[in-house]
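Undergrad: This is the structure I want to talk about, given as structure tokens.
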Amino acid sequence: MHHQRLLRTGSPNMVRKKSKKEPKQCKWVNCSRHAVSKGYCSKHYYIQKTLNKAETDSVKAELKVDLRP
């Protein structure tokens with residue numbers, strides 16, 4: 001670890017401070033929880049992920065039906 005610090009900064013004792021990001025609010029309507037991933041809180045991210053999966057599955061099913069003679 002010190003070797004990497006020496007290469008990066010020139011000093012093995014130099015430690016970078018972690019920047020603190022202000023928490024963002026969930027993009028879901030009327031949700032006041034903090035965003036975790038892609039602008040959604042954990043609850044709404046899971047919902048959004050499952051909704052998108054359901055939509056892509058239905059589109060794939062439609063394409064299979066349309067491709068059959």
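Ordered as shown in the structure tokens, chains take letters A, B, and onward, while each chain numbers its residues from 1 and ligands are numbered from 1 in the order shown.
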Would you pick out the contacts of Ser11 in chain A at 9 Å or less, using only C-alpha atoms, so that residues sharing its chain but fewer than 5 positions from it are not included, and give the list as a list in words?

TA: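 Final neighbour list, sorted by chain and number: His2, Arg5 and Leu6 of chain A.
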
Undergrad: I'd like the neighbourhood of Ser32 in chain A as a PyMOL selection string, where a residue qualifies if any of its atoms comes within 12 Å (using only C-alpha atoms), though same-chain residues fewer than 4 positions away should be ignored.

TA: chain A and resi 23-28+39-41+43-44

Undergrad: Those residues with N, CA, C and O atoms, as an mmCIF file, in the first residue's frame please?

TA:
data_model
loop_
_atom_site.group_PDB
_atom_site.id
_atom_site.type_symbol
_atom_site.label_atom_id
_atom_site.label_comp_id
_atom_site.auth_asym_id
_atom_site.auth_seq_id
_atom_site.Cartn_x
_atom_site.Cartn_y
_atom_site.Cartn_z
ATOM 1 N N PRO A 23 -26.132 13.279 -0.055
ATOM 2 C CA PRO A 23 -27.078 12.254 -0.522
ATOM 3 C C PRO A 23 -28.164 12.868 -1.395
ATOM 4 O O PRO A 23 -28.675 13.945 -1.115
ATOM 5 N N LYS A 24 -28.486 12.165 -2.469
ATOM 6 C CA LYS A 24 -29.539 12.614 -3.371
ATOM 7 C C LYS A 24 -30.840 11.942 -3.000
ATOM 8 O O LYS A 24 -30.861 10.852 -2.453
ATOM 9 N N GLN A 25 -31.925 12.592 -3.352
ATOM 10 C CA GLN A 25 -33.248 12.050 -3.066
ATOM 11 C C GLN A 25 -33.678 11.115 -4.187
ATOM 12 O O GLN A 25 -33.313 11.298 -5.347
ATOM 13 N N CYS A 26 -34.453 10.113 -3.835
ATOM 14 C CA CYS A 26 -34.956 9.137 -4.792
ATOM 15 C C CYS A 26 -35.793 9.833 -5.869
ATOM 16 O O CYS A 26 -36.545 10.763 -5.584
ATOM 17 N N LYS A 27 -35.658 9.370 -7.146
ATOM 18 C CA LYS A 27 -36.397 9.971 -8.254
ATOM 19 C C LYS A 27 -37.868 9.568 -8.276
ATOM 20 O O LYS A 27 -38.655 10.142 -9.008
ATOM 21 N N TRP A 28 -38.244 8.560 -7.507
ATOM 22 C CA TRP A 28 -39.622 8.090 -7.480
ATOM 23 C C TRP A 28 -40.519 9.192 -6.907
ATOM 24 O O TRP A 28 -40.109 9.913 -6.007
ATOM 25 N N GLY A 39 -30.251 6.754 -9.155
ATOM 26 C CA GLY A 39 -31.221 7.755 -8.748
ATOM 27 C C GLY A 39 -32.387 7.244 -7.945
ATOM 28 O O GLY A 39 -33.294 8.001 -7.619
ATOM 29 N N TYR A 40 -32.415 5.951 -7.625
ATOM 30 C CA TYR A 40 -33.519 5.367 -6.873
ATOM 31 C C TYR A 40 -33.021 4.840 -5.530
ATOM 32 O O TYR A 40 -31.876 4.419 -5.403
ATOM 33 N N CYS A 41 -33.909 4.823 -4.549
ATOM 34 C CA CYS A 41 -33.592 4.175 -3.275
ATOM 35 C C CYS A 41 -33.626 2.664 -3.517
ATOM 36 O O CYS A 41 -34.022 2.207 -4.584
ATOM 37 N N LYS A 43 -35.528 0.271 -2.460
ATOM 38 C CA LYS A 43 -36.863 -0.277 -2.723
ATOM 39 C C LYS A 43 -37.307 -0.003 -4.157
ATOM 40 O O LYS A 43 -37.728 -0.902 -4.880
ATOM 41 N N HIS A 44 -37.191 1.247 -4.578
ATOM 42 C CA HIS A 44 -37.670 1.621 -5.904
ATOM 43 C C HIS A 44 -36.718 1.171 -7.018
ATOM 44 O O HIS A 44 -37.148 0.946 -8.150
#

Undergrad: What parts of chain A does DSSP call strand (DSSP E or B)? I'd like the answer as a list in words.

TA: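 Result set for chain A (strand (DSSP E or B)): Gln25, His34, Ser37 and Tyr40 of chain A.
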
Undergrad: What residues in chain A get the DSSP label alpha helix (DSSP H)? Please answer as a VMD selection string.

TA: chain A and resid 2 to 9 42 to 67

Undergrad: Taking 3 positions as the minimum chain separation for residues in the same chain, which residues sit within 12 Å of Ser42 in chain A when counting only C-alpha atoms? Answer as a ChimeraX atom specification.

TA: /A:25-28,31,33-39,45-49

Undergrad: Pull all heavy atoms from the residues just selected and write them as a tab-separated table (two decimals), in the first residue's frame.

TA:
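Full text of again.tsv as output:
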chain	number	residue	atom	x	y	z
A	25	GLN	N	-31.92	12.59	-3.35
A	25	GLN	CA	-33.25	12.05	-3.07
A	25	GLN	C	-33.68	11.11	-4.19
A	25	GLN	O	-33.31	11.30	-5.35
A	25	GLN	CB	-34.25	13.18	-2.93
A	25	GLN	CG	-35.58	12.75	-2.37
A	25	GLN	CD	-36.49	13.94	-2.09
A	25	GLN	OE1	-36.11	15.07	-2.34
A	25	GLN	NE2	-37.66	13.66	-1.58
A	26	CYS	N	-34.45	10.11	-3.83
A	26	CYS	CA	-34.96	9.14	-4.79
A	26	CYS	C	-35.79	9.83	-5.87
A	26	CYS	O	-36.54	10.76	-5.58
A	26	CYS	CB	-35.79	8.09	-4.05
A	26	CYS	SG	-36.50	6.82	-5.10
A	27	LYS	N	-35.66	9.37	-7.15
A	27	LYS	CA	-36.40	9.97	-8.25
A	27	LYS	C	-37.87	9.57	-8.28
A	27	LYS	O	-38.65	10.14	-9.01
A	27	LYS	CB	-35.77	9.56	-9.60
A	27	LYS	CG	-34.41	10.14	-9.84
A	27	LYS	CD	-33.97	9.97	-11.28
A	27	LYS	CE	-33.71	8.55	-11.66
A	27	LYS	NZ	-33.14	8.39	-13.01
A	28	TRP	N	-38.24	8.56	-7.51
A	28	TRP	CA	-39.62	8.09	-7.48
A	28	TRP	C	-40.52	9.19	-6.91
A	28	TRP	O	-40.11	9.91	-6.01
A	28	TRP	CB	-39.71	6.84	-6.61
A	28	TRP	CG	-40.88	5.96	-6.91
A	28	TRP	CD1	-42.09	6.03	-6.34
A	28	TRP	CD2	-40.92	4.88	-7.83
A	28	TRP	NE1	-42.89	5.05	-6.84
A	28	TRP	CE2	-42.21	4.33	-7.76
A	28	TRP	CE3	-40.00	4.33	-8.71
A	28	TRP	CZ2	-42.60	3.25	-8.54
A	28	TRP	CZ3	-40.38	3.26	-9.48
A	28	TRP	CH2	-41.67	2.73	-9.39
A	31	CYS	N	-41.22	10.04	-2.79
A	31	CYS	CA	-40.31	9.23	-1.98
A	31	CYS	C	-39.22	10.15	-1.44
A	31	CYS	O	-38.58	10.89	-2.19
A	31	CYS	CB	-39.68	8.11	-2.80
A	31	CYS	SG	-38.56	7.09	-1.82
A	33	ARG	N	-36.65	9.02	0.54
A	33	ARG	CA	-35.48	8.25	0.92
A	33	ARG	C	-34.27	8.65	0.09
A	33	ARG	O	-34.40	9.27	-0.97
A	33	ARG	CB	-35.76	6.76	0.76
A	33	ARG	CG	-36.90	6.30	1.66
A	33	ARG	CD	-37.32	4.90	1.36
A	33	ARG	NE	-36.25	3.97	1.71
A	33	ARG	CZ	-36.33	2.65	1.55
A	33	ARG	NH1	-37.43	2.12	1.06
A	33	ARG	NH2	-35.33	1.87	1.89
A	34	HIS	N	-33.08	8.30	0.55
A	34	HIS	CA	-31.84	8.63	-0.17
A	34	HIS	C	-31.62	7.65	-1.32
A	34	HIS	O	-31.86	6.46	-1.19
A	34	HIS	CB	-30.64	8.58	0.77
A	34	HIS	CG	-30.70	9.61	1.84
A	34	HIS	ND1	-30.69	10.96	1.58
A	34	HIS	CD2	-30.78	9.49	3.18
A	34	HIS	CE1	-30.76	11.63	2.72
A	34	HIS	NE2	-30.82	10.75	3.71
A	35	ALA	N	-31.14	8.19	-2.43
A	35	ALA	CA	-30.87	7.38	-3.61
A	35	ALA	C	-29.63	6.52	-3.38
A	35	ALA	O	-28.65	6.97	-2.81
A	35	ALA	CB	-30.68	8.27	-4.82
A	36	VAL	N	-29.72	5.29	-3.84
A	36	VAL	CA	-28.61	4.35	-3.69
A	36	VAL	C	-27.97	4.07	-5.05
A	36	VAL	O	-26.76	4.14	-5.20
A	36	VAL	CB	-29.10	3.03	-3.06
A	36	VAL	CG1	-27.98	2.01	-3.00
A	36	VAL	CG2	-29.66	3.28	-1.68
A	37	SER	N	-28.80	3.77	-6.05
A	37	SER	CA	-28.28	3.41	-7.36
A	37	SER	C	-29.19	3.94	-8.45
A	37	SER	O	-30.42	3.81	-8.37
A	37	SER	CB	-28.20	1.88	-7.47
A	37	SER	OG	-27.70	1.51	-8.72
A	38	LYS	N	-28.58	4.55	-9.46
A	38	LYS	CA	-29.29	5.08	-10.62
A	38	LYS	C	-30.42	6.04	-10.25
A	38	LYS	O	-31.44	6.11	-10.92
A	38	LYS	CB	-29.81	3.95	-11.49
A	38	LYS	CG	-28.68	3.10	-12.05
A	38	LYS	CD	-29.17	2.08	-13.02
A	38	LYS	CE	-28.00	1.26	-13.52
A	38	LYS	NZ	-28.40	0.29	-14.52
A	39	GLY	N	-30.25	6.75	-9.15
A	39	GLY	CA	-31.22	7.76	-8.75
A	39	GLY	C	-32.39	7.24	-7.95
A	39	GLY	O	-33.29	8.00	-7.62
A	45	TYR	N	-35.44	1.01	-6.71
A	45	TYR	CA	-34.51	0.47	-7.70
A	45	TYR	C	-34.92	-0.97	-8.04
A	45	TYR	O	-34.93	-1.37	-9.19
A	45	TYR	CB	-33.08	0.50	-7.18
A	45	TYR	CG	-32.10	-0.17	-8.11
A	45	TYR	CD1	-31.73	0.43	-9.30
A	45	TYR	CD2	-31.57	-1.41	-7.80
A	45	TYR	CE1	-30.85	-0.19	-10.17
A	45	TYR	CE2	-30.69	-2.04	-8.66
A	45	TYR	CZ	-30.33	-1.42	-9.84
A	45	TYR	OH	-29.47	-2.04	-10.70
A	46	TYR	N	-35.26	-1.75	-7.00
A	46	TYR	CA	-35.69	-3.14	-7.22
A	46	TYR	C	-36.96	-3.18	-8.07
A	46	TYR	O	-37.08	-3.97	-9.00
A	46	TYR	CB	-35.91	-3.84	-5.88
A	46	TYR	CG	-36.43	-5.23	-6.02
A	46	TYR	CD1	-35.58	-6.26	-6.42
A	46	TYR	CD2	-37.76	-5.53	-5.78
A	46	TYR	CE1	-36.05	-7.55	-6.57
A	46	TYR	CE2	-38.24	-6.81	-5.92
A	46	TYR	CZ	-37.38	-7.82	-6.32
A	46	TYR	OH	-37.86	-9.10	-6.47
A	47	ILE	N	-37.91	-2.30	-7.76
A	47	ILE	CA	-39.17	-2.24	-8.52
A	47	ILE	C	-38.88	-1.86	-9.97
A	47	ILE	O	-39.39	-2.49	-10.91
A	47	ILE	CB	-40.15	-1.24	-7.88
A	47	ILE	CG1	-40.62	-1.77	-6.52
A	47	ILE	CG2	-41.33	-0.96	-8.79
A	47	ILE	CD1	-41.41	-0.76	-5.71
A	48	GLN	N	-38.05	-0.85	-10.18
A	48	GLN	CA	-37.73	-0.39	-11.52
A	48	GLN	C	-37.01	-1.49	-12.30
A	48	GLN	O	-37.29	-1.72	-13.48
A	48	GLN	CB	-36.85	0.87	-11.44
A	48	GLN	CG	-36.64	1.57	-12.74
A	48	GLN	CD	-37.90	2.20	-13.28
A	48	GLN	OE1	-38.83	2.49	-12.56
A	48	GLN	NE2	-37.93	2.43	-14.57
A	49	LYS	N	-36.12	-2.20	-11.63
A	49	LYS	CA	-35.38	-3.27	-12.28
A	49	LYS	C	-36.31	-4.39	-12.71
A	49	LYS	O	-36.20	-4.90	-13.83
A	49	LYS	CB	-34.33	-3.80	-11.29
A	49	LYS	CG	-33.44	-4.87	-11.83
A	49	LYS	CD	-32.43	-5.27	-10.77
A	49	LYS	CE	-31.64	-6.48	-11.20
A	49	LYS	NZ	-30.71	-6.93	-10.16

Undergrad: Report the distance between CA of Lys20 in chain A and CA of Gln4 in chain A in Å, rounded to one decimal place.

TA: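 Computing the Euclidean distance for CA of Lys20 in chain A and CA of Gln4 in chain A yields 23.1 Å.
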